[in-house]
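Everything on this sheet refers to the single structure shown next.
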Amino acid sequence: MRDGGDDGWGQVRSRAAGPVADLNFGDLLDEVAAAVPARPAIRYGELTRTWAELDQRGNRLARVLLAAGLATNSKVAFYLRNTPAYVELFAACAKARLVHANVNYRYVGHELYHILDNADAEAVVYDADFAPQVAALRERLPKVRLYLEVDAAGQPANAFAGDFEAACAVGDASRLPIERSGGDLYFMYTGGTTGYPKAVMWEHRERIAAIGMTDAPNAAENARRAAANTTPVVALPACPLMHSTGFTTMLSTLTEGGCVVLVQSASFDARLCLEAIVRHRVTRLAIVGDAFSVPLLAFLRDHGDAYDLGGVQVISSAGVMWSEQCKRELLEFFPNALLADSLGSSEGSRLGASSLRRGQSARTAAFQLGPDVKIFTEDFREVLPGSGEAGMIAKAGALPLGYYKDDAGTAKTFPVVDGVRYSMAGDWCRVEADGTMILLGRGNNCINTGGEKVYPEEVEEALKTCATIADAAVVGVPDARWGQVVVALVRLGAGTALDEQVLRTHLTERIARYKHPRRYVVTDTDFRHDNGKLNYRLARSLVDRHGADAGA
C-alpha cells in the first residue's frame with residue numbers, strides 16, 4: 001500500500017535500484033573537452049564548433065551570467081530554437097551551476113509569461129525574432145537580471161539586452177574554479193492536457209543515471225572513454241531541443257564526446273534534414289514517431305534515390321505512438337538502422353523499449369518493460385501479466401525530485417508504494433502473459449462511455465491505418481445518455497474524402513465497437529505541437545468549435 005511519509009518534494013529517496021554516481025554535466029563537459037579538444041561538438045550548416053571552442057565559449061558565457069548576479073540554482077530561460085546557442089547556453093549553465101528552464105517558443109502572451117514567472121527566471125536568452133514578445137513582458141518580470149539576444153544583427157533589437165555572441169566570444173575562457181555537485185538541477189517544463197506546464201526538477205546525477213548515459217564513476221573516467229571512442233556518435237535531433245526527446249539526445253551525445261548536428265530550419269523540413277544527415281555523416285537520428293516519419297517518408301518516396309542513408313545506425317523515437325507501417329517503410333530507406341522506440345516522459349525515462357531492424361516485425365505500441373518498472377492499479381495493487389487488467393506504468397530507480405512549486409502534483413505523480421518511490425505520470429497499459437506491455441494511453445485523456453474505458457491513442461492509431469486519414473485526435477464529448485462519447489478530429493489525405501461507412505468497416509477489424517467514434521470532425525488545422533505530440537487542448541477546441549457551428 002502507499003506510504004504516507006512522502007511530503008511531496010521527493011524527501012523519500014527509496015528506490016529499487018542502488019545509489020547512483022555523484023556525476024555532474026558541467027564536470028563531464030569539462031573533462032570531455034580536455035580529452036578530445038579538436039573533435040567536432042556542434043555542426044550547423046557551414047558552422048562547426050570543436051569541443052575546445054564549445055568549452056571556451058561556455059566558460060566565457062558562464063562568467064557573464066555569474067557577473068550579472070546569478071548564483072547557484074538561479075534559473076535561466078532558454079527561449080531558443082535548435083541552434084548552437086542552445087547547446088552553448090546549456091554548457092554555460094552546467095558549468096556555472098545554473099538551472100536550465102526550457103521555454104516552448106510557440107508560446108505567446110500569458111503562456112510565455114507563466115513559464116518565465118513560474119521558473120523565477122533571472123536570465124532570459126532568446127532568439128532575435130522573439131524580441132517583441134520579450135519586450136512586451138519585461139515590465140512584468142522584475143526578477144530577471146539579464147537578457148541576452150541571439151544572432152542580433154549588429155545590435156540587439158531590445159536596448160536592454162546584451163549580445164549573446166559577444167558574451168561567448170570575449171573574456172576569460174579558462175575552466176571555472178567551481179566545485180559542482182551531482183545534486184545540481186535542471187528543469188524540464190512539460191505541457192499537460194489541462195492547465196499550464198509544470199517544471200520537472202532533475203538532479204544531474206539522477207538524470208545521468210536515468211537515461212543510461214554512463215556507468216563510469218567519475219568525470220575523468222567518462223572523458224577517457226569518450227576519447228577512446230574512435231567512431232564518435234554524430235547525432236541529429238530533428239525534434240526541438242526545448243522538448244525532452246531532443247534535449248535528451250543532445251545531452252547523451254555530448255556526454256559520449258560526440259557531435260550534435262542541428263538543422264537550419266524554424267520547423268521540421270525533410271529535405272534539409274536528409275541533406276544534413278548525408279553531409280555530416282549522421283549516425284543517430286532522433287524523431288518523434290509518425291509525426292516526423294510521415295513527412296520524411298512522403299519526401300523519400302519521391303527523392304529517396306538521391307540520398308545515401310546507409311550510415312545511419314540508429315533512429316530513435318520517444319513519447320508518442322510510432323506505427324509499425326511507418327517503421328517498416330523507413331527501413332527501406334535506412335537499411336542499416338536500428339529503430340529504437342522508447343516509452344518515457346519528462347517525469348521518468350526507460351519505461352519500456354521496442355526495437356526493429358529490416359526483416360523483423362514489431363507491433364505498434366508494444367514494449368518490453370524497462371528496468372525497475374511495475375504496473376499498478378489505481379489503488380496500488382500490482383497488475384499480473386496475462387490478467388487482461390489495465391494499470392498505470394510505475395518507474396522506480398533514478399527519478400526527478402518532483403514538480404517545481406507543486407507539492408500536490410509531486411505527491412500524486414511520485415507516490416511511495418511499499419517503501420519504494422515511483423514515477424507514475426498516468427500512462428496506462430496491459431501486460432501480456434509473456435511480459436509484453438501494450439500501451440493504451442494517458443489516463444487523464446481516458447474516455448468513459450457507458451461505463452467502458454476508451455484510451456484515445458488506441459483509437460487514433462487504428463484510424464491512422466486507414467489510407468484516407470493523414471492524422472487523427474480522439475476526445476471525449478459529454479453525452480446525456482453515455483456520459484461521454486468518442487469524437488474523432490481528423491485531417492484527410494490529399495484528394496480524399498471522409499466516408500464513415502468505410503471507416504466503420506476498417507475499425508471493426510481492429511478495435512471493439514464501443515471504441516468507434518460516434519462523430520467525425522474534419523479539419524485542415526495541424527493539431528500537433530512542434531515536438532510531434534498531439535495538442536489535445538487545440539484538438540478539443542476545434543471539436544467544440546465545430547459543435548458550436550453545427551448548433552448555430
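Going by the C-alpha cells order, chains are called A, B, ..., each with residues numbered from 1, while ligands are numbered from 1 in the order shown.
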Quick one: everything within 12 Å of Arg180 (chain A), counting only C-alpha atoms, minus sequence neighbours fewer than 2 positions away in the same chain. Send it as a PDB file with N, CA and C atoms, in the first residue's frame.
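Okay, this is what ended up in part.pdb:
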ATOM      1  N   ASP A  22      27.855  10.279  -8.208  1.00  0.00           N
ATOM      2  CA  ASP A  22      27.603  11.706  -7.999  1.00  0.00           C
ATOM      3  C   ASP A  22      28.191  12.511  -9.155  1.00  0.00           C
ATOM      4  N   LEU A  23      27.593  12.342 -10.342  1.00  0.00           N
ATOM      5  CA  LEU A  23      28.110  12.985 -11.546  1.00  0.00           C
ATOM      6  C   LEU A  23      27.372  14.278 -11.842  1.00  0.00           C
ATOM      7  N   ASN A  24      28.058  15.176 -12.553  1.00  0.00           N
ATOM      8  CA  ASN A  24      27.529  16.493 -12.891  1.00  0.00           C
ATOM      9  C   ASN A  24      27.846  16.779 -14.355  1.00  0.00           C
ATOM     10  N   PHE A  25      26.865  17.313 -15.091  1.00  0.00           N
ATOM     11  CA  PHE A  25      27.085  17.594 -16.504  1.00  0.00           C
ATOM     12  C   PHE A  25      28.223  18.585 -16.735  1.00  0.00           C
ATOM     13  N   GLY A  26      28.359  19.573 -15.852  1.00  0.00           N
ATOM     14  CA  GLY A  26      29.435  20.547 -16.013  1.00  0.00           C
ATOM     15  C   GLY A  26      30.802  19.901 -15.946  1.00  0.00           C
ATOM     16  N   ASP A  27      30.992  18.995 -14.981  1.00  0.00           N
ATOM     17  CA  ASP A  27      32.267  18.276 -14.862  1.00  0.00           C
ATOM     18  C   ASP A  27      32.503  17.394 -16.082  1.00  0.00           C
ATOM     19  N   LEU A  28      31.464  16.713 -16.538  1.00  0.00           N
ATOM     20  CA  LEU A  28      31.605  15.846 -17.710  1.00  0.00           C
ATOM     21  C   LEU A  28      32.024  16.645 -18.935  1.00  0.00           C
ATOM     22  N   ASP A  30      33.593  19.543 -19.045  1.00  0.00           N
ATOM     23  CA  ASP A  30      34.978  19.997 -18.857  1.00  0.00           C
ATOM     24  C   ASP A  30      35.961  18.911 -19.245  1.00  0.00           C
ATOM     25  N   THR A  72      24.331  29.915  -7.689  1.00  0.00           N
ATOM     26  CA  THR A  72      23.910  28.506  -7.723  1.00  0.00           C
ATOM     27  C   THR A  72      22.398  28.382  -7.581  1.00  0.00           C
ATOM     28  N   ASN A  73      21.796  27.644  -8.501  1.00  0.00           N
ATOM     29  CA  ASN A  73      20.356  27.382  -8.572  1.00  0.00           C
ATOM     30  C   ASN A  73      19.537  28.530  -9.158  1.00  0.00           C
ATOM     31  N   CYS A  93      25.424  26.950 -18.329  1.00  0.00           N
ATOM     32  CA  CYS A  93      24.624  26.770 -17.111  1.00  0.00           C
ATOM     33  C   CYS A  93      25.147  25.611 -16.270  1.00  0.00           C
ATOM     34  N   ALA A  94      25.484  24.500 -16.926  1.00  0.00           N
ATOM     35  CA  ALA A  94      26.011  23.356 -16.182  1.00  0.00           C
ATOM     36  C   ALA A  94      27.329  23.711 -15.505  1.00  0.00           C
ATOM     37  N   LYS A  95      28.166  24.432 -16.196  1.00  0.00           N
ATOM     38  CA  LYS A  95      29.461  24.820 -15.640  1.00  0.00           C
ATOM     39  C   LYS A  95      29.296  25.779 -14.454  1.00  0.00           C
ATOM     40  N   ALA A  96      28.320  26.685 -14.533  1.00  0.00           N
ATOM     41  CA  ALA A  96      28.135  27.718 -13.510  1.00  0.00           C
ATOM     42  C   ALA A  96      27.140  27.321 -12.425  1.00  0.00           C
ATOM     43  N   ARG A  97      26.610  26.092 -12.480  1.00  0.00           N
ATOM     44  CA  ARG A  97      25.636  25.575 -11.509  1.00  0.00           C
ATOM     45  C   ARG A  97      24.311  26.331 -11.570  1.00  0.00           C
ATOM     46  N   LEU A  98      23.915  26.708 -12.790  1.00  0.00           N
ATOM     47  CA  LEU A  98      22.647  27.387 -13.020  1.00  0.00           C
ATOM     48  C   LEU A  98      21.638  26.410 -13.608  1.00  0.00           C
ATOM     49  N   LEU A 176      36.236  27.184 -15.067  1.00  0.00           N
ATOM     50  CA  LEU A 176      35.748  27.891 -13.877  1.00  0.00           C
ATOM     51  C   LEU A 176      36.223  27.183 -12.606  1.00  0.00           C
ATOM     52  N   PRO A 177      36.716  27.947 -11.634  1.00  0.00           N
ATOM     53  CA  PRO A 177      37.156  27.346 -10.362  1.00  0.00           C
ATOM     54  C   PRO A 177      35.962  27.093  -9.448  1.00  0.00           C
ATOM     55  N   ILE A 178      35.117  26.154  -9.861  1.00  0.00           N
ATOM     56  CA  ILE A 178      33.863  25.881  -9.150  1.00  0.00           C
ATOM     57  C   ILE A 178      33.792  24.402  -8.800  1.00  0.00           C
ATOM     58  N   GLY A 182      26.512  16.627  -7.867  1.00  0.00           N
ATOM     59  CA  GLY A 182      25.562  15.825  -8.613  1.00  0.00           C
ATOM     60  C   GLY A 182      24.128  16.210  -8.321  1.00  0.00           C
ATOM     61  N   GLY A 183      23.932  16.962  -7.237  1.00  0.00           N
ATOM     62  CA  GLY A 183      22.598  17.437  -6.886  1.00  0.00           C
ATOM     63  C   GLY A 183      22.205  18.728  -7.567  1.00  0.00           C
ATOM     64  N   ASP A 184      23.078  19.299  -8.414  1.00  0.00           N
ATOM     65  CA  ASP A 184      22.687  20.472  -9.194  1.00  0.00           C
ATOM     66  C   ASP A 184      21.492  20.123 -10.075  1.00  0.00           C
ATOM     67  N   LEU A 185      20.672  21.114 -10.386  1.00  0.00           N
ATOM     68  CA  LEU A 185      19.388  20.861 -11.038  1.00  0.00           C
ATOM     69  C   LEU A 185      19.333  21.358 -12.473  1.00  0.00           C
ATOM     70  N   GLU A 203      17.863  16.286 -10.784  1.00  0.00           N
ATOM     71  CA  GLU A 203      19.252  16.426 -10.361  1.00  0.00           C
ATOM     72  C   GLU A 203      20.146  15.854 -11.464  1.00  0.00           C
ATOM     73  N   HIS A 204      21.321  16.445 -11.637  1.00  0.00           N
ATOM     74  CA  HIS A 204      22.222  15.967 -12.680  1.00  0.00           C
ATOM     75  C   HIS A 204      22.519  14.476 -12.531  1.00  0.00           C
ATOM     76  N   ARG A 205      22.867  14.046 -11.324  1.00  0.00           N
ATOM     77  CA  ARG A 205      23.268  12.646 -11.135  1.00  0.00           C
ATOM     78  C   ARG A 205      22.125  11.692 -11.437  1.00  0.00           C
ATOM     79  N   ALA A 219      33.922  11.894 -13.677  1.00  0.00           N
ATOM     80  CA  ALA A 219      34.000  12.621 -14.946  1.00  0.00           C
ATOM     81  C   ALA A 219      35.264  12.280 -15.719  1.00  0.00           C
TER      82      ALA A 219
END
Worksheet item: Per DSSP on the backbone, what are the helix (DSSP H, G or I) residues of region 190-237 of chain A, as a list in words?
Response: His204, Arg205, Glu206, Arg207, Ile208, Ala209, Ala210, Ala219, Ala220, Glu221, Asn222, Ala223, Arg224, Arg225, Ala226, Ala227 and Ala228 of chain A
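For the residues A:Ala220, A:Arg43, A:Leu542, A:Leu296, ranking by smallest atom-to-atom distance to Arg281 (chain A) using only C-alpha atoms places A:Arg43 first.
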Worksheet item: Between CA of Tyr79 (chain A) and CA of Val99 (chain A), what is the distance, to one decimal in Å?
Response: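 According to the coordinates, CA of Tyr79 (chain A) and CA of Val99 (chain A) are separated by 13.8 Å.
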Discussion item. Using Å and a single decimal, report how far CA of Pro197 (chain A) sits from CA of Phe376 (chain A).
Written reply: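 Computing the Euclidean distance for CA of Phe376 (chain A) and CA of Pro197 (chain A) yields 25.5 Å.
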Any idea what's packed within 8 Å of region 250-264 of chain A, counting only C-alpha atoms, ignoring anything in its chain fewer than 4 positions away? Could you give it as a PDB file with C-alpha atoms, in the first residue's frame?
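Listing of out24.pdb after writing:
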ATOM      1  CA  PHE A  25      27.085  17.594 -16.504  1.00  0.00           C
ATOM      2  CA  LEU A  28      31.605  15.846 -17.710  1.00  0.00           C
ATOM      3  CA  LEU A  29      31.728  18.615 -20.315  1.00  0.00           C
ATOM      4  CA  VAL A  32      35.459  15.591 -22.387  1.00  0.00           C
ATOM      5  CA  ALA A  33      36.647  18.900 -23.867  1.00  0.00           C
ATOM      6  CA  VAL A  36      39.023  15.493 -27.334  1.00  0.00           C
ATOM      7  CA  PRO A  40      33.607  18.472 -33.627  1.00  0.00           C
ATOM      8  CA  ALA A  41      30.991  19.100 -30.952  1.00  0.00           C
ATOM      9  CA  ILE A  42      28.371  21.045 -32.971  1.00  0.00           C
ATOM     10  CA  ARG A  43      27.609  21.268 -36.680  1.00  0.00           C
ATOM     11  CA  TYR A  44      25.073  23.750 -38.011  1.00  0.00           C
ATOM     12  CA  GLY A  45      25.112  24.357 -41.743  1.00  0.00           C
ATOM     13  CA  ASN A  82      17.531  24.422 -32.448  1.00  0.00           C
ATOM     14  CA  THR A  83      20.700  26.462 -32.847  1.00  0.00           C
ATOM     15  CA  PRO A  84      24.238  26.199 -31.431  1.00  0.00           C
ATOM     16  CA  VAL A  87      23.989  23.808 -26.685  1.00  0.00           C
ATOM     17  CA  MET A 213      24.443   7.660 -20.360  1.00  0.00           C
ATOM     18  CA  ASN A 222      33.993   9.249 -18.727  1.00  0.00           C
ATOM     19  CA  ALA A 223      36.342  11.539 -20.619  1.00  0.00           C
ATOM     20  CA  ARG A 225      36.086   6.520 -22.520  1.00  0.00           C
ATOM     21  CA  ALA A 226      34.932   9.288 -24.848  1.00  0.00           C
ATOM     22  CA  ALA A 227      38.490   9.857 -26.091  1.00  0.00           C
ATOM     23  CA  PRO A 232      32.159   9.052 -32.016  1.00  0.00           C
ATOM     24  CA  VAL A 233      28.411   9.462 -32.210  1.00  0.00           C
ATOM     25  CA  VAL A 234      27.109  12.041 -34.677  1.00  0.00           C
ATOM     26  CA  ALA A 235      23.505  12.703 -33.669  1.00  0.00           C
ATOM     27  CA  LEU A 236      20.821  14.833 -35.288  1.00  0.00           C
ATOM     28  CA  PRO A 237      17.856  15.697 -33.045  1.00  0.00           C
ATOM     29  CA  ALA A 238      15.204  16.528 -35.652  1.00  0.00           C
ATOM     30  CA  LEU A 241      15.691  20.804 -28.092  1.00  0.00           C
ATOM     31  CA  GLY A 246      15.537  16.407 -28.412  1.00  0.00           C
ATOM     32  CA  LEU A 272      17.082  19.848 -45.044  1.00  0.00           C
ATOM     33  CA  CYS A 273      17.141  17.028 -42.513  1.00  0.00           C
ATOM     34  CA  ALA A 276      22.321  17.311 -43.078  1.00  0.00           C
ATOM     35  CA  HIS A 280      27.640  15.425 -41.724  1.00  0.00           C
ATOM     36  CA  VAL A 282      24.969  11.356 -39.065  1.00  0.00           C
TER      37      VAL A 282
END
Could you list, with a cut-off of 12 Å and counting only C-alpha atoms, the residues of region 405-523 of chain A near region 326-341 of chain A, each shown with its nearest atom pair and the distance in Å rounded to one decimal, rows sorted by chain and ascending number, as a Markdown table?
| residue | atom | partner | partner_atom | distance |
| --- | --- | --- | --- | --- |
| A:Glu461 | CA | A:Cys326 | CA | 11.7 |
| A:Lys464 | CA | A:Cys326 | CA | 10.8 |
| A:Thr465 | CA | A:Cys326 | CA | 10.0 |
Fill in: Lys374 (chain A) environment, 7 Å, only C-alpha atoms, sequence neighbours closer than 3 positions dropped, as a PyMOL selection string
chain A and resi 393-395
Item to complete: Please provide the set of residues having any atom within 9 Å of Ala21 (chain A), restricted to only C-alpha atoms, with same-chain residues fewer than 5 positions apart removed, written as a ChimeraX atom specification.
Response: /A:182,205-206,208-209,215-218
Worksheet item: Can you tell me, as a ChimeraX atom specification, what residues are no more than 7 Å from Gly162 (chain A) when counting only C-alpha atoms, ignoring any on the same chain fewer than 5 positions away?
Response: /A:147-149,156
Region 215-285 of chain A near region 344-358 of chain A within 10 Å: what's each residue's closest atom pair and its distance in Å to one decimal, counting only C-alpha atoms, ordered by chain then ascending residue number, as a Markdown table?
| residue | atom | partner | partner_atom | distance |
| --- | --- | --- | --- | --- |
| A:His243 | CA | A:Ser346 | CA | 8.7 |
| A:Ser244 | CA | A:Ser346 | CA | 6.1 |
| A:Thr245 | CA | A:Ser346 | CA | 8.7 |
| A:Thr248 | CA | A:Ser346 | CA | 9.8 |
Discussion item. What parts of region 425-490 of chain A does DSSP call strand (DSSP E or B)? I'd like the answer as a count of residues only.
Written reply: 37
How close does each residue of region 410-505 of chain A get to region 534-540 of chain A, giving the shortest atom pair and distance in Å to one decimal for every residue with an atom at most 12 Å away, counting only C-alpha atoms, sorted by chain and residue number, as a Markdown table?
| residue | atom | partner | partner_atom | distance |
| --- | --- | --- | --- | --- |
| A:Arg442 | CA | A:Tyr536 | CA | 11.5 |
| A:Asn444 | CA | A:Tyr536 | CA | 11.1 |
| A:Asn445 | CA | A:Tyr536 | CA | 8.7 |
| A:Pro456 | CA | A:Tyr536 | CA | 10.5 |
| A:Glu457 | CA | A:Leu534 | CA | 9.9 |
| A:Glu460 | CA | A:Leu534 | CA | 10.6 |
| A:Asp471 | CA | A:Leu534 | CA | 9.9 |
| A:Ala472 | CA | A:Leu534 | CA | 9.0 |
| A:Ala473 | CA | A:Ala539 | CA | 6.7 |
| A:Val474 | CA | A:Ala539 | CA | 8.2 |
| A:Val475 | CA | A:Arg540 | CA | 6.7 |
| A:Gly476 | CA | A:Arg540 | CA | 8.7 |
| A:Val477 | CA | A:Arg540 | CA | 8.9 |
| A:Pro478 | CA | A:Arg540 | CA | 12.0 |
| A:Val486 | CA | A:Arg540 | CA | 11.8 |
| A:Val487 | CA | A:Arg540 | CA | 9.6 |
| A:Ala488 | CA | A:Ala539 | CA | 9.3 |
| A:Leu489 | CA | A:Ala539 | CA | 6.9 |
| A:Val490 | CA | A:Ala539 | CA | 9.6 |
| A:Arg491 | CA | A:Ala539 | CA | 11.2 |
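Counting only C-alpha atoms, the residue from A:Gly370, A:Gly171, A:Gly212, A:Gly319 that sits nearest to Cys239 (chain A) is A:Gly319.
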Practice prompt. With a distance cut-off of 9 Å and only C-alpha atoms, select the neighbouring residues of Ala433 (chain A), excluding the residue or stretch itself and same-chain residues fewer than 3 positions from it, and output the selection as a list in words.
Written response: Leu384, Pro385, Gly386, Ser387, Gly388 and Thr436 of chain A
Worksheet item: In Å, how far is it from CA of Ala270 (chain A) to CA of Ala286 (chain A)?
Response: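 Computing the Euclidean distance for CA of Ala270 (chain A) and CA of Ala286 (chain A) yields 13.0 Å.
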Fill in: Shortest interatomic distance to His516 (chain A) - which of A:Val144, A:Ala497, A:Val454, A:Ala35, counting only C-alpha atoms
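Checking each of A:Val144, A:Ala497, A:Val454, A:Ala35 against His516 (chain A), counting only C-alpha atoms, the winner is A:Val454.
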